[in-house]
Amino acid sequence: MIAYLKNNCSLQQKQELQQSLTSHGYNNVFVPKLNLIVIPNLKSSAILEKYTQIDRVTEINTAYQLSSILHKPETTFTVNGEIIGKNNFNIVAGPCSVENEDQLFLIGEFLQKHNIKFLRGGAFKPRTSPYDFRGLGIEGLKLLRKVADTYNMTVVTELMDIKLLDSVYQYADIIQIGSRNMSNFYLLNEIGKQDKPVLLKRGMQAKIDEWLLAADYILTGGNEKVILCERGIRSFDSNSRNVMDIAAIPLLKSLSHLPVWADPSHGTGNAKLVPALAKASTVVGANGLFIEIHPNPKTALSDVEQALTFDEFSKLLPEIEMLNNLKPASLEFSN
Ligand code: PEP
Ligand code: MN
């Protein structure tokens, strides 16, 4: 249940309402920026009728609330003039890790030629082994900013730790929360308090409900600019790195108002499979693609198996465009 408060509801009235709800055993969270109270366990709005400070209510019978499509039909916002969500389609590309200035400038120049506006790159890398390359750190963030400014692009990069929030905030335009941190609830809380868009990747073990609850952690902080990114889930089969959950894309679009991007690079872990899964994601209604590329994938310092070459990426782009053009005519999805 979400109770939307009247504009003239005073702080005292709001507090009285919250106290009353709490005394009846209903957990509730006030979101000042949105002037609403989330009451997740209240199933019927009948008991709210007596509260004159409430403007209207929406009954939501799922654990997640603010990310529900019942709260609002769609989320759309702009970053550096680029529209995210709605019927727009964004392409994000770049290396798994920022490795050096030459590598990133080559990538930036190549992406600009293809009119790609979003540059991804990891500066702080979550690596399974502590012995592997873990990113250039702040130096990597500075390089991302430098290349993005040179080629008029938007920076998407991962925040791993609350301690790094100020630095990542300074250099990034969109802050990525990686799969391994989808359930880092204190990090989600903090990221919800800042105003830059957040790319929330699916935890590799996460159910859809858990993922949307993670989004709620950010939304309850007042930050409404959240993008979900399907990046595959763990399975028993070691033939692919992850199982790309293609069904999750239209499913999320029926359950939530948040834009959904798809990451076929981590979703498959295999460059040969990336184009097929990128196209499939486009067809089922993703709002964007998130793809790893490298000038020479064999030498990549991380995720060596999954980066596309410039040629492979160049070949994929017109196919994606063609599928996007087809969508309104024959590939429409209704909620
Ligand atoms: C990444 O995008 O670089 C990354 C590490 O992805 P994920 O969190 O999905 O593994
Ligand atoms: Mn990677």
# chains A, B, ... in the order shown; residues from 1 in each chain; ligands from 1
call {"tool": "residues_near_ligand", "arguments": {"ligand": "ligand 1", "cutoff": "9 Å", "atoms": "only C-alpha atoms and all ligand atoms", "output": "count of residues only"}}
result
36
call {"tool": "select_by_dssp", "arguments": {"residues": "range 168-326 of chain A", "states": "strand (DSSP E)", "output": "PDB file with N, CA and C atoms, in the first residue's frame"}}
result
ATOM      1  N   ILE A 174      26.251   7.943 -14.473  1.00  0.00           N
ATOM      2  CA  ILE A 174      25.330   6.900 -14.006  1.00  0.00           C
ATOM      3  C   ILE A 174      26.149   5.963 -13.122  1.00  0.00           C
ATOM      4  N   ILE A 175      25.644   5.709 -11.929  1.00  0.00           N
ATOM      5  CA  ILE A 175      26.396   4.882 -10.990  1.00  0.00           C
ATOM      6  C   ILE A 175      25.861   3.450 -11.033  1.00  0.00           C
ATOM      7  N   GLN A 176      26.756   2.544 -11.343  1.00  0.00           N
ATOM      8  CA  GLN A 176      26.372   1.133 -11.463  1.00  0.00           C
ATOM      9  C   GLN A 176      26.541   0.420 -10.127  1.00  0.00           C
ATOM     10  N   ILE A 177      25.488  -0.329  -9.759  1.00  0.00           N
ATOM     11  CA  ILE A 177      25.612  -1.236  -8.617  1.00  0.00           C
ATOM     12  C   ILE A 177      25.669  -2.632  -9.221  1.00  0.00           C
ATOM     13  N   VAL A 198      20.994   5.477 -11.175  1.00  0.00           N
ATOM     14  CA  VAL A 198      21.628   4.244 -10.692  1.00  0.00           C
ATOM     15  C   VAL A 198      21.273   3.095 -11.628  1.00  0.00           C
ATOM     16  N   LEU A 199      22.295   2.386 -12.060  1.00  0.00           N
ATOM     17  CA  LEU A 199      22.083   1.176 -12.854  1.00  0.00           C
ATOM     18  C   LEU A 199      22.191  -0.002 -11.893  1.00  0.00           C
ATOM     19  N   LEU A 200      21.068  -0.652 -11.637  1.00  0.00           N
ATOM     20  CA  LEU A 200      21.040  -1.737 -10.651  1.00  0.00           C
ATOM     21  C   LEU A 200      21.039  -3.084 -11.367  1.00  0.00           C
ATOM     22  N   LYS A 201      22.188  -3.744 -11.313  1.00  0.00           N
ATOM     23  CA  LYS A 201      22.276  -5.041 -11.985  1.00  0.00           C
ATOM     24  C   LYS A 201      21.642  -6.121 -11.114  1.00  0.00           C
ATOM     25  N   VAL A 226      16.255   4.998 -11.466  1.00  0.00           N
ATOM     26  CA  VAL A 226      16.835   3.655 -11.340  1.00  0.00           C
ATOM     27  C   VAL A 226      16.597   2.900 -12.648  1.00  0.00           C
ATOM     28  N   ILE A 227      17.654   2.252 -13.129  1.00  0.00           N
ATOM     29  CA  ILE A 227      17.557   1.394 -14.318  1.00  0.00           C
ATOM     30  C   ILE A 227      17.884  -0.022 -13.857  1.00  0.00           C
ATOM     31  N   LEU A 228      17.079  -0.980 -14.277  1.00  0.00           N
ATOM     32  CA  LEU A 228      17.374  -2.377 -13.955  1.00  0.00           C
ATOM     33  C   LEU A 228      18.189  -2.964 -15.103  1.00  0.00           C
ATOM     34  N   CYS A 229      19.130  -3.852 -14.777  1.00  0.00           N
ATOM     35  CA  CYS A 229      19.917  -4.457 -15.859  1.00  0.00           C
ATOM     36  C   CYS A 229      20.021  -5.972 -15.657  1.00  0.00           C
ATOM     37  N   GLU A 230      19.392  -6.706 -16.562  1.00  0.00           N
ATOM     38  CA  GLU A 230      19.475  -8.169 -16.532  1.00  0.00           C
ATOM     39  C   GLU A 230      20.866  -8.581 -17.020  1.00  0.00           C
ATOM     40  N   VAL A 260      14.470  -1.064 -18.337  1.00  0.00           N
ATOM     41  CA  VAL A 260      15.211  -2.336 -18.228  1.00  0.00           C
ATOM     42  C   VAL A 260      16.263  -2.403 -19.329  1.00  0.00           C
ATOM     43  N   TRP A 261      17.505  -2.525 -18.943  1.00  0.00           N
ATOM     44  CA  TRP A 261      18.583  -2.740 -19.907  1.00  0.00           C
ATOM     45  C   TRP A 261      19.010  -4.206 -19.832  1.00  0.00           C
ATOM     46  N   ALA A 262      19.701  -4.639 -20.879  1.00  0.00           N
ATOM     47  CA  ALA A 262      20.149  -6.034 -20.912  1.00  0.00           C
ATOM     48  C   ALA A 262      21.653  -6.091 -21.157  1.00  0.00           C
ATOM     49  N   GLY A 288      17.481  -0.965 -23.479  1.00  0.00           N
ATOM     50  CA  GLY A 288      18.864  -0.660 -23.809  1.00  0.00           C
ATOM     51  C   GLY A 288      19.749  -1.884 -23.695  1.00  0.00           C
ATOM     52  N   LEU A 289      20.944  -1.748 -24.255  1.00  0.00           N
ATOM     53  CA  LEU A 289      21.932  -2.826 -24.217  1.00  0.00           C
ATOM     54  C   LEU A 289      23.205  -2.325 -23.557  1.00  0.00           C
ATOM     55  N   PHE A 290      23.859  -3.240 -22.897  1.00  0.00           N
ATOM     56  CA  PHE A 290      25.058  -2.931 -22.122  1.00  0.00           C
ATOM     57  C   PHE A 290      26.105  -3.963 -22.545  1.00  0.00           C
ATOM     58  N   ILE A 291      27.078  -3.532 -23.320  1.00  0.00           N
ATOM     59  CA  ILE A 291      27.928  -4.505 -24.011  1.00  0.00           C
ATOM     60  C   ILE A 291      29.416  -4.197 -23.808  1.00  0.00           C
ATOM     61  N   GLU A 292      30.174  -5.247 -23.532  1.00  0.00           N
ATOM     62  CA  GLU A 292      31.620  -5.062 -23.383  1.00  0.00           C
ATOM     63  C   GLU A 292      32.315  -5.192 -24.739  1.00  0.00           C
TER      64      GLU A 292
END
call {"tool": "atom_distance", "arguments": {"atom1": "CA of Phe313 in chain A", "atom2": "CA of Asn90 in chain A"}}
result
14.7 Å
call {"tool": "residues_around", "arguments": {"residues": "Leu323 in chain A", "least_positions_apart": "3", "cutoff": "9 Å", "atoms": "only C-alpha atoms", "output": "JSON, numbers by chain"}}
result
{"A": [279, 282, 283, 318, 319, 320, 326, 327, 331]}
call {"tool": "write_last_selection", "arguments": {"atoms": "all heavy atoms", "output": "PDB file, in the first residue's frame"}}
result
ATOM      1  N   LYS A 279      20.310  -9.277 -29.602  1.00  0.00           N
ATOM      2  CA  LYS A 279      19.148  -9.132 -30.489  1.00  0.00           C
ATOM      3  C   LYS A 279      17.874  -9.641 -29.799  1.00  0.00           C
ATOM      4  O   LYS A 279      16.823  -9.013 -29.874  1.00  0.00           O
ATOM      5  CB  LYS A 279      19.406  -9.873 -31.814  1.00  0.00           C
ATOM      6  CG  LYS A 279      20.417  -9.129 -32.681  1.00  0.00           C
ATOM      7  CD  LYS A 279      20.691  -9.835 -33.985  1.00  0.00           C
ATOM      8  CE  LYS A 279      21.931 -10.685 -33.907  1.00  0.00           C
ATOM      9  NZ  LYS A 279      22.357 -11.263 -35.175  1.00  0.00           N
ATOM     10  N   THR A 282      16.606  -7.151 -27.385  1.00  0.00           N
ATOM     11  CA  THR A 282      15.979  -6.016 -28.070  1.00  0.00           C
ATOM     12  C   THR A 282      14.547  -6.373 -28.465  1.00  0.00           C
ATOM     13  O   THR A 282      13.613  -5.596 -28.237  1.00  0.00           O
ATOM     14  CB  THR A 282      16.800  -5.663 -29.334  1.00  0.00           C
ATOM     15  OG1 THR A 282      18.161  -5.479 -28.947  1.00  0.00           O
ATOM     16  CG2 THR A 282      16.280  -4.409 -30.011  1.00  0.00           C
ATOM     17  N   VAL A 283      14.413  -7.568 -29.020  1.00  0.00           N
ATOM     18  CA  VAL A 283      13.096  -7.995 -29.509  1.00  0.00           C
ATOM     19  C   VAL A 283      12.082  -8.113 -28.364  1.00  0.00           C
ATOM     20  O   VAL A 283      10.909  -7.777 -28.535  1.00  0.00           O
ATOM     21  CB  VAL A 283      13.236  -9.338 -30.276  1.00  0.00           C
ATOM     22  CG1 VAL A 283      11.884  -9.966 -30.526  1.00  0.00           C
ATOM     23  CG2 VAL A 283      13.960  -9.108 -31.588  1.00  0.00           C
ATOM     24  N   PRO A 318      23.732  -2.246 -36.764  1.00  0.00           N
ATOM     25  CA  PRO A 318      22.602  -2.079 -37.699  1.00  0.00           C
ATOM     26  C   PRO A 318      21.526  -3.138 -37.503  1.00  0.00           C
ATOM     27  O   PRO A 318      20.343  -2.877 -37.775  1.00  0.00           O
ATOM     28  CB  PRO A 318      23.252  -2.216 -39.087  1.00  0.00           C
ATOM     29  CG  PRO A 318      24.631  -2.719 -38.869  1.00  0.00           C
ATOM     30  CD  PRO A 318      25.013  -2.466 -37.450  1.00  0.00           C
ATOM     31  N   GLU A 319      21.918  -4.307 -37.017  1.00  0.00           N
ATOM     32  CA  GLU A 319      20.908  -5.352 -36.767  1.00  0.00           C
ATOM     33  C   GLU A 319      19.993  -4.935 -35.614  1.00  0.00           C
ATOM     34  O   GLU A 319      18.774  -5.128 -35.665  1.00  0.00           O
ATOM     35  CB  GLU A 319      21.600  -6.682 -36.467  1.00  0.00           C
ATOM     36  CG  GLU A 319      22.425  -7.159 -37.651  1.00  0.00           C
ATOM     37  CD  GLU A 319      23.135  -8.488 -37.386  1.00  0.00           C
ATOM     38  OE1 GLU A 319      23.351  -8.852 -36.221  1.00  0.00           O
ATOM     39  OE2 GLU A 319      23.472  -9.146 -38.364  1.00  0.00           O
ATOM     40  N   ILE A 320      20.597  -4.338 -34.610  1.00  0.00           N
ATOM     41  CA  ILE A 320      19.794  -3.862 -33.468  1.00  0.00           C
ATOM     42  C   ILE A 320      18.868  -2.735 -33.936  1.00  0.00           C
ATOM     43  O   ILE A 320      17.691  -2.685 -33.572  1.00  0.00           O
ATOM     44  CB  ILE A 320      20.725  -3.354 -32.331  1.00  0.00           C
ATOM     45  CG1 ILE A 320      21.597  -4.492 -31.793  1.00  0.00           C
ATOM     46  CG2 ILE A 320      19.928  -2.695 -31.204  1.00  0.00           C
ATOM     47  CD1 ILE A 320      20.864  -5.612 -31.133  1.00  0.00           C
ATOM     48  N   LEU A 326      11.530  -2.420 -36.360  1.00  0.00           N
ATOM     49  CA  LEU A 326      10.444  -3.388 -36.561  1.00  0.00           C
ATOM     50  C   LEU A 326       9.471  -3.387 -35.395  1.00  0.00           C
ATOM     51  O   LEU A 326       8.305  -3.677 -35.560  1.00  0.00           O
ATOM     52  CB  LEU A 326      11.021  -4.810 -36.619  1.00  0.00           C
ATOM     53  CG  LEU A 326      11.444  -5.401 -37.937  1.00  0.00           C
ATOM     54  CD1 LEU A 326      11.974  -6.811 -37.690  1.00  0.00           C
ATOM     55  CD2 LEU A 326      10.243  -5.478 -38.873  1.00  0.00           C
ATOM     56  N   LYS A 327       9.990  -3.081 -34.217  1.00  0.00           N
ATOM     57  CA  LYS A 327       9.225  -3.306 -32.989  1.00  0.00           C
ATOM     58  C   LYS A 327       7.812  -2.718 -32.969  1.00  0.00           C
ATOM     59  O   LYS A 327       6.870  -3.449 -32.671  1.00  0.00           O
ATOM     60  CB  LYS A 327      10.016  -2.836 -31.772  1.00  0.00           C
ATOM     61  CG  LYS A 327      10.288  -3.974 -30.879  1.00  0.00           C
ATOM     62  CD  LYS A 327      11.012  -3.718 -29.591  1.00  0.00           C
ATOM     63  CE  LYS A 327      11.805  -2.507 -29.404  1.00  0.00           C
ATOM     64  NZ  LYS A 327      12.679  -2.615 -28.233  1.00  0.00           N
ATOM     65  N   LEU A 331       6.295  -6.232 -33.075  1.00  0.00           N
ATOM     66  CA  LEU A 331       6.830  -6.826 -31.851  1.00  0.00           C
ATOM     67  C   LEU A 331       6.380  -6.061 -30.616  1.00  0.00           C
ATOM     68  O   LEU A 331       7.129  -5.865 -29.676  1.00  0.00           O
ATOM     69  CB  LEU A 331       8.365  -6.845 -31.913  1.00  0.00           C
ATOM     70  CG  LEU A 331       8.949  -7.650 -33.064  1.00  0.00           C
ATOM     71  CD1 LEU A 331      10.434  -7.379 -33.205  1.00  0.00           C
ATOM     72  CD2 LEU A 331       8.717  -9.126 -32.841  1.00  0.00           C
TER      73      LEU A 331
END
call {"tool": "select_by_dssp", "arguments": {"residues": "range 167-222 of chain A", "states": "helix (DSSP H, G or I)", "output": "list in words"}}
result
Ser167, Val168, Tyr169, Gln170, Tyr171, Ser179, Arg180, Asn181, Phe185, Tyr186, Leu187, Leu188, Asn189, Glu190, Ile191, Gly192, Lys193, Ile208, Asp209, Glu210, Trp211, Leu212, Leu213, Ala214, Ala215, Asp216, Tyr217, Ile218 and Leu219 of chain A
call {"tool": "write_last_selection", "arguments": {"atoms": "N, CA and C atoms", "output": "JSON list (two decimals), in the first residue's frame"}}
result
[["chain", "number", "residue", "atom", "x", "y", "z"],
["A", 167, "SER", "N", 33.96, 9.81, -4.69],
["A", 167, "SER", "CA", 34.84, 9.77, -5.88],
["A", 167, "SER", "C", 34.05, 9.35, -7.10],
["A", 168, "VAL", "N", 33.28, 8.28, -6.96],
["A", 168, "VAL", "CA", 32.52, 7.80, -8.13],
["A", 168, "VAL", "C", 31.51, 8.86, -8.54],
["A", 169, "TYR", "N", 30.89, 9.49, -7.55],
["A", 169, "TYR", "CA", 29.90, 10.54, -7.84],
["A", 169, "TYR", "C", 30.55, 11.66, -8.66],
["A", 170, "GLN", "N", 31.78, 11.99, -8.30],
["A", 170, "GLN", "CA", 32.47, 13.10, -8.97],
["A", 170, "GLN", "C", 32.71, 12.83, -10.46],
["A", 171, "TYR", "N", 33.01, 11.59, -10.81],
["A", 171, "TYR", "CA", 33.41, 11.29, -12.20],
["A", 171, "TYR", "C", 32.33, 10.61, -13.04],
["A", 179, "SER", "N", 26.28, -6.84, -9.75],
["A", 179, "SER", "CA", 25.56, -8.04, -9.32],
["A", 179, "SER", "C", 25.89, -8.45, -7.89],
["A", 180, "ARG", "N", 27.17, -8.36, -7.56],
["A", 180, "ARG", "CA", 27.60, -8.80, -6.23],
["A", 180, "ARG", "C", 27.14, -7.87, -5.13],
["A", 181, "ASN", "N", 26.74, -6.68, -5.49],
["A", 181, "ASN", "CA", 26.29, -5.72, -4.48],
["A", 181, "ASN", "C", 24.80, -5.45, -4.50],
["A", 185, "PHE", "N", 22.54, -3.87, 1.23],
["A", 185, "PHE", "CA", 21.42, -2.96, 1.48],
["A", 185, "PHE", "C", 21.85, -1.60, 2.01],
["A", 186, "TYR", "N", 22.96, -1.56, 2.73],
["A", 186, "TYR", "CA", 23.42, -0.26, 3.24],
["A", 186, "TYR", "C", 23.97, 0.60, 2.10],
["A", 187, "LEU", "N", 24.60, -0.07, 1.16],
["A", 187, "LEU", "CA", 25.08, 0.65, -0.03],
["A", 187, "LEU", "C", 23.89, 1.17, -0.84],
["A", 188, "LEU", "N", 22.86, 0.33, -0.98],
["A", 188, "LEU", "CA", 21.66, 0.75, -1.73],
["A", 188, "LEU", "C", 21.01, 1.96, -1.06],
["A", 189, "ASN", "N", 20.95, 1.92, 0.26],
["A", 189, "ASN", "CA", 20.39, 3.04, 1.03],
["A", 189, "ASN", "C", 21.11, 4.34, 0.72],
["A", 190, "GLU", "N", 22.44, 4.27, 0.74],
["A", 190, "GLU", "CA", 23.24, 5.48, 0.51],
["A", 190, "GLU", "C", 23.06, 6.00, -0.91],
["A", 191, "ILE", "N", 23.04, 5.08, -1.85],
["A", 191, "ILE", "CA", 22.93, 5.47, -3.25],
["A", 191, "ILE", "C", 21.55, 6.08, -3.52],
["A", 192, "GLY", "N", 20.58, 5.69, -2.72],
["A", 192, "GLY", "CA", 19.23, 6.26, -2.85],
["A", 192, "GLY", "C", 19.17, 7.71, -2.40],
["A", 193, "LYS", "N", 20.16, 8.12, -1.60],
["A", 193, "LYS", "CA", 20.13, 9.49, -1.08],
["A", 193, "LYS", "C", 20.79, 10.48, -2.02],
["A", 208, "ILE", "N", 13.31, -12.22, -9.08],
["A", 208, "ILE", "CA", 12.80, -10.93, -9.55],
["A", 208, "ILE", "C", 12.30, -10.08, -8.37],
["A", 209, "ASP", "N", 11.57, -10.71, -7.46],
["A", 209, "ASP", "CA", 11.05, -9.96, -6.31],
["A", 209, "ASP", "C", 12.18, -9.35, -5.47],
["A", 210, "GLU", "N", 13.23, -10.13, -5.31],
["A", 210, "GLU", "CA", 14.37, -9.64, -4.50],
["A", 210, "GLU", "C", 15.04, -8.45, -5.20],
["A", 211, "TRP", "N", 15.10, -8.56, -6.50],
["A", 211, "TRP", "CA", 15.71, -7.48, -7.30],
["A", 211, "TRP", "C", 14.87, -6.20, -7.18],
["A", 212, "LEU", "N", 13.56, -6.36, -7.29],
["A", 212, "LEU", "CA", 12.70, -5.17, -7.20],
["A", 212, "LEU", "C", 12.71, -4.61, -5.78],
["A", 213, "LEU", "N", 12.87, -5.46, -4.79],
["A", 213, "LEU", "CA", 13.00, -4.95, -3.42],
["A", 213, "LEU", "C", 14.31, -4.17, -3.27],
["A", 214, "ALA", "N", 15.35, -4.65, -3.94],
["A", 214, "ALA", "CA", 16.62, -3.90, -3.92],
["A", 214, "ALA", "C", 16.40, -2.52, -4.55],
["A", 215, "ALA", "N", 15.62, -2.49, -5.64],
["A", 215, "ALA", "CA", 15.31, -1.19, -6.26],
["A", 215, "ALA", "C", 14.54, -0.31, -5.27],
["A", 216, "ASP", "N", 13.63, -0.93, -4.50],
["A", 216, "ASP", "CA", 12.88, -0.17, -3.50],
["A", 216, "ASP", "C", 13.81, 0.49, -2.47],
["A", 217, "TYR", "N", 14.89, -0.21, -2.13],
["A", 217, "TYR", "CA", 15.86, 0.41, -1.20],
["A", 217, "TYR", "C", 16.35, 1.75, -1.74],
["A", 218, "ILE", "N", 16.59, 1.80, -3.04],
["A", 218, "ILE", "CA", 17.08, 3.05, -3.65],
["A", 218, "ILE", "C", 15.93, 4.06, -3.74],
["A", 219, "LEU", "N", 14.78, 3.58, -4.17],
["A", 219, "LEU", "CA", 13.64, 4.48, -4.38],
["A", 219, "LEU", "C", 13.16, 5.10, -3.07]]
call {"tool": "closest_residue", "arguments": {"among": "A:Arg134, A:Lys14, A:His114, A:His24", "to": "ligand 2", "atoms": "only C-alpha atoms and all ligand atoms"}}
result
A:Arg134
call {"tool": "closest_residue", "arguments": {"among": "A:Ser256, A:Ile162, A:Ala123, A:Ala148", "to": "ligand 2", "atoms": "only C-alpha atoms and all ligand atoms"}}
result
A:Ala123
call {"tool": "residues_around", "arguments": {"residues": "Asn80 in chain A", "least_positions_apart": "4", "cutoff": "10 Å", "atoms": "only C-alpha atoms", "output": "list in words"}}
result
Lys117, Phe118, Asn152, Met153, Thr154 and Asp173 of chain A
call {"tool": "closest_residue", "arguments": {"among": "A:Phe124, A:Tyr64, A:Tyr4, A:Tyr26", "to": "ligand 2", "atoms": "only C-alpha atoms and all ligand atoms"}}
result
A:Phe124
call {"tool": "closest_residue", "arguments": {"among": "A:Ile246, A:Met322, A:Leu308, A:Ala278", "to": "ligand 2", "atoms": "only C-alpha atoms and all ligand atoms"}}
result
A:Leu308
call {"tool": "residues_around", "arguments": {"residues": "Met1 in chain A", "least_positions_apart": "5", "cutoff": "12 Å", "atoms": "only C-alpha atoms", "output": "JSON, numbers by chain"}}
result
{"A": [26, 27, 28, 29, 36, 37, 38, 39, 40, 41, 42, 43, 44, 45, 46, 47, 48, 56, 57, 58, 59, 60, 61, 62, 63, 64, 65, 66, 68, 70, 71]}
